[in-house]
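Student: This is model18.txt, which holds compact mmCIF, N, CA and C atoms:
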# COMPACT_ATOMS: atom_id res chain seq x y z
N MET A 1 0.83 -1.17 0.00
CA MET A 1 0.00 0.00 0.00
C MET A 1 0.88 1.24 0.00
N GLU A 2 0.66 2.09 -0.96
CA GLU A 2 1.46 3.31 -1.10
C GLU A 2 0.93 4.37 -0.14
N SER A 3 1.82 4.99 0.61
CA SER A 3 1.38 6.05 1.53
C SER A 3 1.48 7.40 0.83
N LYS A 4 0.51 8.26 1.13
CA LYS A 4 0.53 9.60 0.56
C LYS A 4 1.44 10.46 1.42
N ARG A 5 2.19 11.28 0.78
CA ARG A 5 3.11 12.15 1.51
C ARG A 5 2.36 13.37 2.00
N LEU A 6 2.71 13.81 3.19
CA LEU A 6 2.14 15.04 3.73
C LEU A 6 2.80 16.21 3.04
N CYS A 7 2.03 17.19 2.77
CA CYS A 7 2.55 18.36 2.07
C CYS A 7 2.51 19.56 3.00
N ARG A 8 3.58 19.78 3.68
CA ARG A 8 3.66 20.93 4.58
C ARG A 8 3.86 22.19 3.75
N ARG A 9 3.10 23.19 4.11
CA ARG A 9 3.17 24.49 3.45
C ARG A 9 2.80 24.42 1.98
N CYS A 10 1.91 23.53 1.63
CA CYS A 10 1.39 23.45 0.26
C CYS A 10 -0.06 23.88 0.26
N LEU A 11 -0.45 24.55 -0.79
CA LEU A 11 -1.85 24.86 -1.00
C LEU A 11 -2.46 23.67 -1.74
N ALA A 12 -3.79 23.56 -1.69
CA ALA A 12 -4.45 22.44 -2.36
C ALA A 12 -4.13 22.44 -3.85
N ARG A 13 -4.04 23.62 -4.46
CA ARG A 13 -3.78 23.69 -5.90
C ARG A 13 -2.38 23.21 -6.27
N GLU A 14 -1.50 23.05 -5.29
CA GLU A 14 -0.13 22.60 -5.54
C GLU A 14 0.06 21.11 -5.26
N MET A 15 -0.98 20.45 -4.78
CA MET A 15 -0.88 19.05 -4.43
C MET A 15 -1.10 18.17 -5.66
N PRO A 16 -0.54 16.96 -5.65
CA PRO A 16 -0.65 16.08 -6.82
C PRO A 16 -2.08 15.77 -7.24
N ASP A 17 -3.01 15.71 -6.29
CA ASP A 17 -4.39 15.40 -6.62
C ASP A 17 -5.27 16.66 -6.62
N ALA A 18 -4.76 17.74 -7.19
CA ALA A 18 -5.46 19.02 -7.19
C ALA A 18 -6.83 18.94 -7.84
N GLU A 19 -7.03 18.03 -8.80
CA GLU A 19 -8.34 17.93 -9.45
C GLU A 19 -9.42 17.52 -8.45
N TYR A 20 -9.04 16.88 -7.36
CA TYR A 20 -9.98 16.52 -6.30
C TYR A 20 -10.64 17.77 -5.72
N PHE A 21 -9.94 18.87 -5.76
CA PHE A 21 -10.42 20.12 -5.18
C PHE A 21 -11.12 21.02 -6.19
N GLN A 22 -11.41 20.52 -7.37
CA GLN A 22 -11.99 21.35 -8.42
C GLN A 22 -13.27 22.06 -7.99
N ASN A 23 -14.13 21.39 -7.22
CA ASN A 23 -15.36 22.05 -6.79
C ASN A 23 -15.07 23.23 -5.87
N MET A 24 -13.98 23.18 -5.12
CA MET A 24 -13.61 24.31 -4.27
C MET A 24 -13.22 25.50 -5.15
N TYR A 25 -12.49 25.24 -6.22
CA TYR A 25 -12.08 26.33 -7.10
C TYR A 25 -13.27 26.92 -7.85
N GLU A 26 -14.24 26.08 -8.19
CA GLU A 26 -15.47 26.58 -8.83
C GLU A 26 -16.26 27.45 -7.85
N TYR A 27 -16.32 27.02 -6.60
CA TYR A 27 -17.00 27.81 -5.56
C TYR A 27 -16.33 29.18 -5.43
N ILE A 28 -15.02 29.20 -5.35
CA ILE A 28 -14.28 30.46 -5.21
C ILE A 28 -14.52 31.34 -6.43
N ALA A 29 -14.46 30.77 -7.61
CA ALA A 29 -14.65 31.54 -8.85
C ALA A 29 -16.04 32.15 -8.93
N ASN A 30 -17.02 31.51 -8.31
CA ASN A 30 -18.40 31.98 -8.40
C ASN A 30 -18.87 32.75 -7.18
N LEU A 31 -17.95 33.11 -6.29
CA LEU A 31 -18.34 33.93 -5.13
C LEU A 31 -18.90 35.26 -5.58
N ASP A 32 -19.85 35.78 -4.84
CA ASP A 32 -20.42 37.09 -5.11
C ASP A 32 -19.30 38.12 -5.04
N PRO A 33 -19.16 38.95 -6.07
CA PRO A 33 -18.08 39.96 -6.08
C PRO A 33 -18.10 40.89 -4.87
N ASP A 34 -19.25 41.04 -4.23
CA ASP A 34 -19.34 41.92 -3.06
C ASP A 34 -18.62 41.34 -1.84
N ILE A 35 -18.43 40.03 -1.81
CA ILE A 35 -17.75 39.42 -0.66
C ILE A 35 -16.38 38.84 -1.01
N LYS A 36 -16.12 38.70 -2.30
CA LYS A 36 -14.88 38.07 -2.75
C LYS A 36 -13.69 39.03 -2.62
N ALA A 37 -12.58 38.50 -2.10
CA ALA A 37 -11.35 39.30 -1.99
C ALA A 37 -10.79 39.56 -3.38
N PRO A 38 -10.27 40.76 -3.62
CA PRO A 38 -9.62 41.03 -4.90
C PRO A 38 -8.45 40.05 -5.11
N ASP A 39 -8.16 39.73 -6.36
CA ASP A 39 -7.12 38.75 -6.69
C ASP A 39 -5.79 39.06 -6.01
N GLU A 40 -5.39 40.33 -6.01
CA GLU A 40 -4.10 40.70 -5.41
C GLU A 40 -4.08 40.40 -3.90
N LEU A 41 -5.17 40.71 -3.21
CA LEU A 41 -5.27 40.44 -1.78
C LEU A 41 -5.29 38.93 -1.53
N TYR A 42 -6.04 38.21 -2.35
CA TYR A 42 -6.14 36.75 -2.24
C TYR A 42 -4.76 36.11 -2.35
N GLU A 43 -4.00 36.49 -3.35
CA GLU A 43 -2.67 35.91 -3.54
C GLU A 43 -1.71 36.32 -2.43
N LYS A 44 -1.84 37.53 -1.91
CA LYS A 44 -1.00 37.99 -0.80
C LYS A 44 -1.29 37.14 0.44
N ARG A 45 -2.58 36.89 0.70
CA ARG A 45 -2.95 36.06 1.84
C ARG A 45 -2.38 34.65 1.69
N LEU A 46 -2.52 34.07 0.50
CA LEU A 46 -2.01 32.72 0.28
C LEU A 46 -0.50 32.66 0.43
N SER A 47 0.17 33.71 0.03
CA SER A 47 1.62 33.78 0.19
C SER A 47 1.99 33.72 1.67
N ARG A 48 1.24 34.42 2.49
CA ARG A 48 1.49 34.40 3.93
C ARG A 48 1.19 33.02 4.51
N CYS A 49 0.13 32.38 4.01
CA CYS A 49 -0.21 31.04 4.48
C CYS A 49 0.89 30.04 4.14
N ARG A 50 1.49 30.18 2.97
CA ARG A 50 2.56 29.26 2.56
C ARG A 50 3.75 29.33 3.52
N GLU A 51 3.93 30.45 4.18
CA GLU A 51 5.04 30.63 5.11
C GLU A 51 4.70 30.15 6.52
N CYS A 52 3.45 29.80 6.75
CA CYS A 52 2.96 29.48 8.10
C CYS A 52 3.18 28.01 8.46
N ASP A 53 3.62 27.78 9.67
CA ASP A 53 3.84 26.41 10.15
C ASP A 53 2.53 25.65 10.37
N HIS A 54 1.40 26.34 10.38
CA HIS A 54 0.11 25.69 10.61
C HIS A 54 -0.53 25.17 9.33
N LEU A 55 0.08 25.42 8.18
CA LEU A 55 -0.45 24.93 6.91
C LEU A 55 -0.01 23.49 6.68
N LEU A 56 -0.97 22.62 6.42
CA LEU A 56 -0.68 21.21 6.17
C LEU A 56 -1.70 20.67 5.18
N ASN A 57 -1.23 20.19 4.04
CA ASN A 57 -2.11 19.64 3.01
C ASN A 57 -3.20 20.62 2.60
N GLY A 58 -2.87 21.90 2.53
CA GLY A 58 -3.83 22.91 2.09
C GLY A 58 -4.79 23.36 3.17
N MET A 59 -4.64 22.81 4.37
CA MET A 59 -5.55 23.15 5.46
C MET A 59 -4.81 23.86 6.60
N CYS A 60 -5.54 24.73 7.26
CA CYS A 60 -5.02 25.41 8.45
C CYS A 60 -5.24 24.48 9.64
N ARG A 61 -4.16 24.15 10.33
CA ARG A 61 -4.29 23.27 11.49
C ARG A 61 -4.88 23.99 12.70
N LEU A 62 -5.01 25.31 12.65
CA LEU A 62 -5.63 26.03 13.76
C LEU A 62 -7.15 25.94 13.72
N CYS A 63 -7.72 26.08 12.53
CA CYS A 63 -9.19 26.12 12.44
C CYS A 63 -9.78 25.01 11.58
N GLY A 64 -8.96 24.32 10.79
CA GLY A 64 -9.44 23.22 9.96
C GLY A 64 -9.97 23.63 8.60
N CYS A 65 -9.83 24.90 8.25
CA CYS A 65 -10.34 25.36 6.96
C CYS A 65 -9.34 25.07 5.85
N PHE A 66 -9.84 25.04 4.62
CA PHE A 66 -8.95 25.08 3.46
C PHE A 66 -8.58 26.55 3.29
N VAL A 67 -7.31 26.87 3.37
CA VAL A 67 -6.90 28.27 3.38
C VAL A 67 -7.30 29.00 2.10
N GLU A 68 -7.37 28.29 0.99
CA GLU A 68 -7.76 28.95 -0.26
C GLU A 68 -9.20 29.44 -0.21
N MET A 69 -10.06 28.72 0.51
CA MET A 69 -11.45 29.17 0.65
C MET A 69 -11.53 30.34 1.64
N ARG A 70 -10.84 30.22 2.75
CA ARG A 70 -10.88 31.27 3.77
C ARG A 70 -10.34 32.58 3.21
N ALA A 71 -9.24 32.51 2.48
CA ALA A 71 -8.59 33.71 1.94
C ALA A 71 -9.42 34.38 0.85
N ALA A 72 -10.33 33.64 0.23
CA ALA A 72 -11.10 34.17 -0.89
C ALA A 72 -12.19 35.15 -0.48
N ILE A 73 -12.55 35.18 0.80
CA ILE A 73 -13.62 36.06 1.28
C ILE A 73 -13.00 37.25 2.01
N SER A 74 -13.30 38.44 1.53
CA SER A 74 -12.68 39.67 2.04
C SER A 74 -12.76 39.81 3.55
N ALA A 75 -13.91 39.51 4.14
CA ALA A 75 -14.12 39.75 5.56
C ALA A 75 -13.40 38.76 6.47
N ASN A 76 -12.94 37.66 5.92
CA ASN A 76 -12.26 36.65 6.74
C ASN A 76 -10.89 37.12 7.18
N GLU A 77 -10.44 36.54 8.29
CA GLU A 77 -9.12 36.83 8.83
C GLU A 77 -8.40 35.53 9.12
N CYS A 78 -7.12 35.62 9.26
CA CYS A 78 -6.30 34.49 9.69
C CYS A 78 -6.72 34.13 11.12
N PRO A 79 -6.87 32.84 11.45
CA PRO A 79 -7.32 32.45 12.78
C PRO A 79 -6.24 32.45 13.87
N ALA A 80 -5.01 32.76 13.51
CA ALA A 80 -3.93 32.73 14.50
C ALA A 80 -4.13 33.80 15.57
N VAL A 81 -3.56 33.57 16.74
CA VAL A 81 -3.64 34.56 17.83
C VAL A 81 -3.07 35.89 17.36
N HIS A 82 -1.98 35.82 16.64
CA HIS A 82 -1.38 37.00 16.01
C HIS A 82 -1.53 36.77 14.50
N PRO A 83 -2.65 37.22 13.93
CA PRO A 83 -2.97 36.90 12.53
C PRO A 83 -1.87 37.28 11.54
N ASN A 84 -1.69 36.40 10.56
CA ASN A 84 -0.74 36.65 9.49
C ASN A 84 -1.33 37.59 8.45
N TRP A 85 -2.66 37.65 8.37
CA TRP A 85 -3.34 38.55 7.44
C TRP A 85 -4.71 38.89 7.95
How would this structure read if it were set down as structure tokens?
Tutor:
Amino acid sequence: MESKRLCRRCLAREMPDAEYFQNMYEYIANLDPDIKAPDELYEKRLSRCRECDHLLNGMCRLCGCFVEMRAAISANECPAVHPNW
């Protein structure tokens, strides 16, 4: 049985089975523009998440969210005690 490798500091879109997450990307793409973070802000947030020790397999180990979904909504914040974004 082949074991899957853990991907520390990887976003879901960077993982080998990224197509598994396609519905998440469709959800993000179809968010109401009134709540969706601008692309530049979204990418800046993801950049900060990539540097975070709490990122594992595209998920935040503090709150259990997929960081790409959390970062896509303008009003959301990083769940850390001292937020990264």
Student: Hey, which of A:Ala80, A:Asn23, A:Ala12, A:Trp85 ends up closest to Phe66 (chain A)? Count all atoms listed in the file.
Tutor: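 Smallest separation from Phe66 (chain A) among the options: A:Ala12.
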Student: At what distance in Å, to one decimal, does CA of Glu77 (chain A) lie from CA of Lys36 (chain A)?
Tutor: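 Computing it gives 13.0 Å between the two atoms.
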Student: What's the 8 Å shell around Asn57 (chain A), counting only C-alpha atoms, without same-chain residues fewer than 3 positions away, as an MDAnalysis selection string?
Tutor: chainID A and resid 6:12 15
Student: Using only N, CA and C atoms, tabulate the residues of region 6-61 of chain A lying at most 8 Å from any atom of region 81-84 of chain A, each with its closest atom pair and that distance in Å to one decimal, by chain and increasing residue number, as a Markdown table.
Tutor:
| residue | atom | partner | partner_atom | distance |
| --- | --- | --- | --- | --- |
| A:Arg45 | CA | A:Asn84 | C | 7.0 |
| A:Arg48 | CA | A:Asn84 | C | 6.2 |
| A:Cys49 | N | A:Asn84 | C | 7.0 |
Student: When DSSP works through the backbone of this structure, what residues of region 3-61 of chain A end up as helix (DSSP H, G or I), shown as a compact mmCIF listing (two decimals) with N, CA and C atoms, keeping the file's coordinate frame?
Tutor:
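Result file is states07.txt:
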# COMPACT_ATOMS: atom_id res chain seq x y z
N ALA A 12 -3.79 23.56 -1.69
CA ALA A 12 -4.45 22.44 -2.36
C ALA A 12 -4.13 22.44 -3.85
N ARG A 13 -4.04 23.62 -4.46
CA ARG A 13 -3.78 23.69 -5.90
C ARG A 13 -2.38 23.21 -6.27
N GLU A 14 -1.50 23.05 -5.29
CA GLU A 14 -0.13 22.60 -5.54
C GLU A 14 0.06 21.11 -5.26
N ALA A 18 -4.76 17.74 -7.19
CA ALA A 18 -5.46 19.02 -7.19
C ALA A 18 -6.83 18.94 -7.84
N GLU A 19 -7.03 18.03 -8.80
CA GLU A 19 -8.34 17.93 -9.45
C GLU A 19 -9.42 17.52 -8.45
N TYR A 20 -9.04 16.88 -7.36
CA TYR A 20 -9.98 16.52 -6.30
C TYR A 20 -10.64 17.77 -5.72
N PHE A 21 -9.94 18.87 -5.76
CA PHE A 21 -10.42 20.12 -5.18
C PHE A 21 -11.12 21.02 -6.19
N GLN A 22 -11.41 20.52 -7.37
CA GLN A 22 -11.99 21.35 -8.42
C GLN A 22 -13.27 22.06 -7.99
N ASN A 23 -14.13 21.39 -7.22
CA ASN A 23 -15.36 22.05 -6.79
C ASN A 23 -15.07 23.23 -5.87
N MET A 24 -13.98 23.18 -5.12
CA MET A 24 -13.61 24.31 -4.27
C MET A 24 -13.22 25.50 -5.15
N TYR A 25 -12.49 25.24 -6.22
CA TYR A 25 -12.08 26.33 -7.10
C TYR A 25 -13.27 26.92 -7.85
N GLU A 26 -14.24 26.08 -8.19
CA GLU A 26 -15.47 26.58 -8.83
C GLU A 26 -16.26 27.45 -7.85
N TYR A 27 -16.32 27.02 -6.60
CA TYR A 27 -17.00 27.81 -5.56
C TYR A 27 -16.33 29.18 -5.43
N ILE A 28 -15.02 29.20 -5.35
CA ILE A 28 -14.28 30.46 -5.21
C ILE A 28 -14.52 31.34 -6.43
N ALA A 29 -14.46 30.77 -7.61
CA ALA A 29 -14.65 31.54 -8.85
C ALA A 29 -16.04 32.15 -8.93
N ASP A 39 -8.16 39.73 -6.36
CA ASP A 39 -7.12 38.75 -6.69
C ASP A 39 -5.79 39.06 -6.01
N GLU A 40 -5.39 40.33 -6.01
CA GLU A 40 -4.10 40.70 -5.41
C GLU A 40 -4.08 40.40 -3.90
N LEU A 41 -5.17 40.71 -3.21
CA LEU A 41 -5.27 40.44 -1.78
C LEU A 41 -5.29 38.93 -1.53
N TYR A 42 -6.04 38.21 -2.35
CA TYR A 42 -6.14 36.75 -2.24
C TYR A 42 -4.76 36.11 -2.35
N GLU A 43 -4.00 36.49 -3.35
CA GLU A 43 -2.67 35.91 -3.54
C GLU A 43 -1.71 36.32 -2.43
N LYS A 44 -1.84 37.53 -1.91
CA LYS A 44 -1.00 37.99 -0.80
C LYS A 44 -1.29 37.14 0.44
N ARG A 45 -2.58 36.89 0.70
CA ARG A 45 -2.95 36.06 1.84
C ARG A 45 -2.38 34.65 1.69
N LEU A 46 -2.52 34.07 0.50
CA LEU A 46 -2.01 32.72 0.28
C LEU A 46 -0.50 32.66 0.43
N SER A 47 0.17 33.71 0.03
CA SER A 47 1.62 33.78 0.19
C SER A 47 1.99 33.72 1.67
N ARG A 48 1.24 34.42 2.49
CA ARG A 48 1.49 34.40 3.93
C ARG A 48 1.19 33.02 4.51
N CYS A 49 0.13 32.38 4.01
CA CYS A 49 -0.21 31.04 4.48
C CYS A 49 0.89 30.04 4.14
N ARG A 50 1.49 30.18 2.97
CA ARG A 50 2.56 29.26 2.56
C ARG A 50 3.75 29.33 3.52
Student: As a ChimeraX atom specification, please: the residues near Ala75 (chain A) (cut-off 8 Å, only N, CA and C atoms, same-chain neighbours under 4 positions excluded).
Tutor: /A:34-37,70-71
Student: Figure out the distance between atom N of Arg50 (chain A) and atom C of Pro33 (chain A), please, to one decimal in Å.
Tutor: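 Taking atom C of Pro33 (chain A) as the start and atom N of Arg50 (chain A) as the end point, the length is 23.7 Å.
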Student: Can you measure atom N of His54 (chain A) to atom N of Glu26 (chain A) for me? One decimal in Å is fine.
Tutor: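 Atom-to-atom, atom N of His54 (chain A) to atom N of Glu26 (chain A), that is 24.3 Å.
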Student: Which parts of region 32-73 of chain A does DSSP call strand (DSSP E or B) when run on the backbone here, written out as a CSV table (one decimal) with N, CA and C atoms, in the coordinates of the input?
Tutor:
chain,number,residue,atom,x,y,z
A,36,LYS,N,-16.1,38.7,-2.3
A,36,LYS,CA,-14.9,38.1,-2.8
A,36,LYS,C,-13.7,39.0,-2.6
A,55,LEU,N,0.1,25.4,8.2
A,55,LEU,CA,-0.4,24.9,6.9
A,55,LEU,C,0.0,23.5,6.7
A,56,LEU,N,-1.0,22.6,6.4
A,56,LEU,CA,-0.7,21.2,6.2
A,56,LEU,C,-1.7,20.7,5.2
A,59,MET,N,-4.6,22.8,4.4
A,59,MET,CA,-5.6,23.2,5.5
A,59,MET,C,-4.8,23.9,6.6
A,60,CYS,N,-5.5,24.7,7.3
A,60,CYS,CA,-5.0,25.4,8.4
A,60,CYS,C,-5.2,24.5,9.6
A,66,PHE,N,-9.8,25.0,4.6
A,66,PHE,CA,-9.0,25.1,3.5
A,66,PHE,C,-8.6,26.6,3.3
A,73,ILE,N,-12.6,35.2,0.8
A,73,ILE,CA,-13.6,36.1,1.3
A,73,ILE,C,-13.0,37.2,2.0
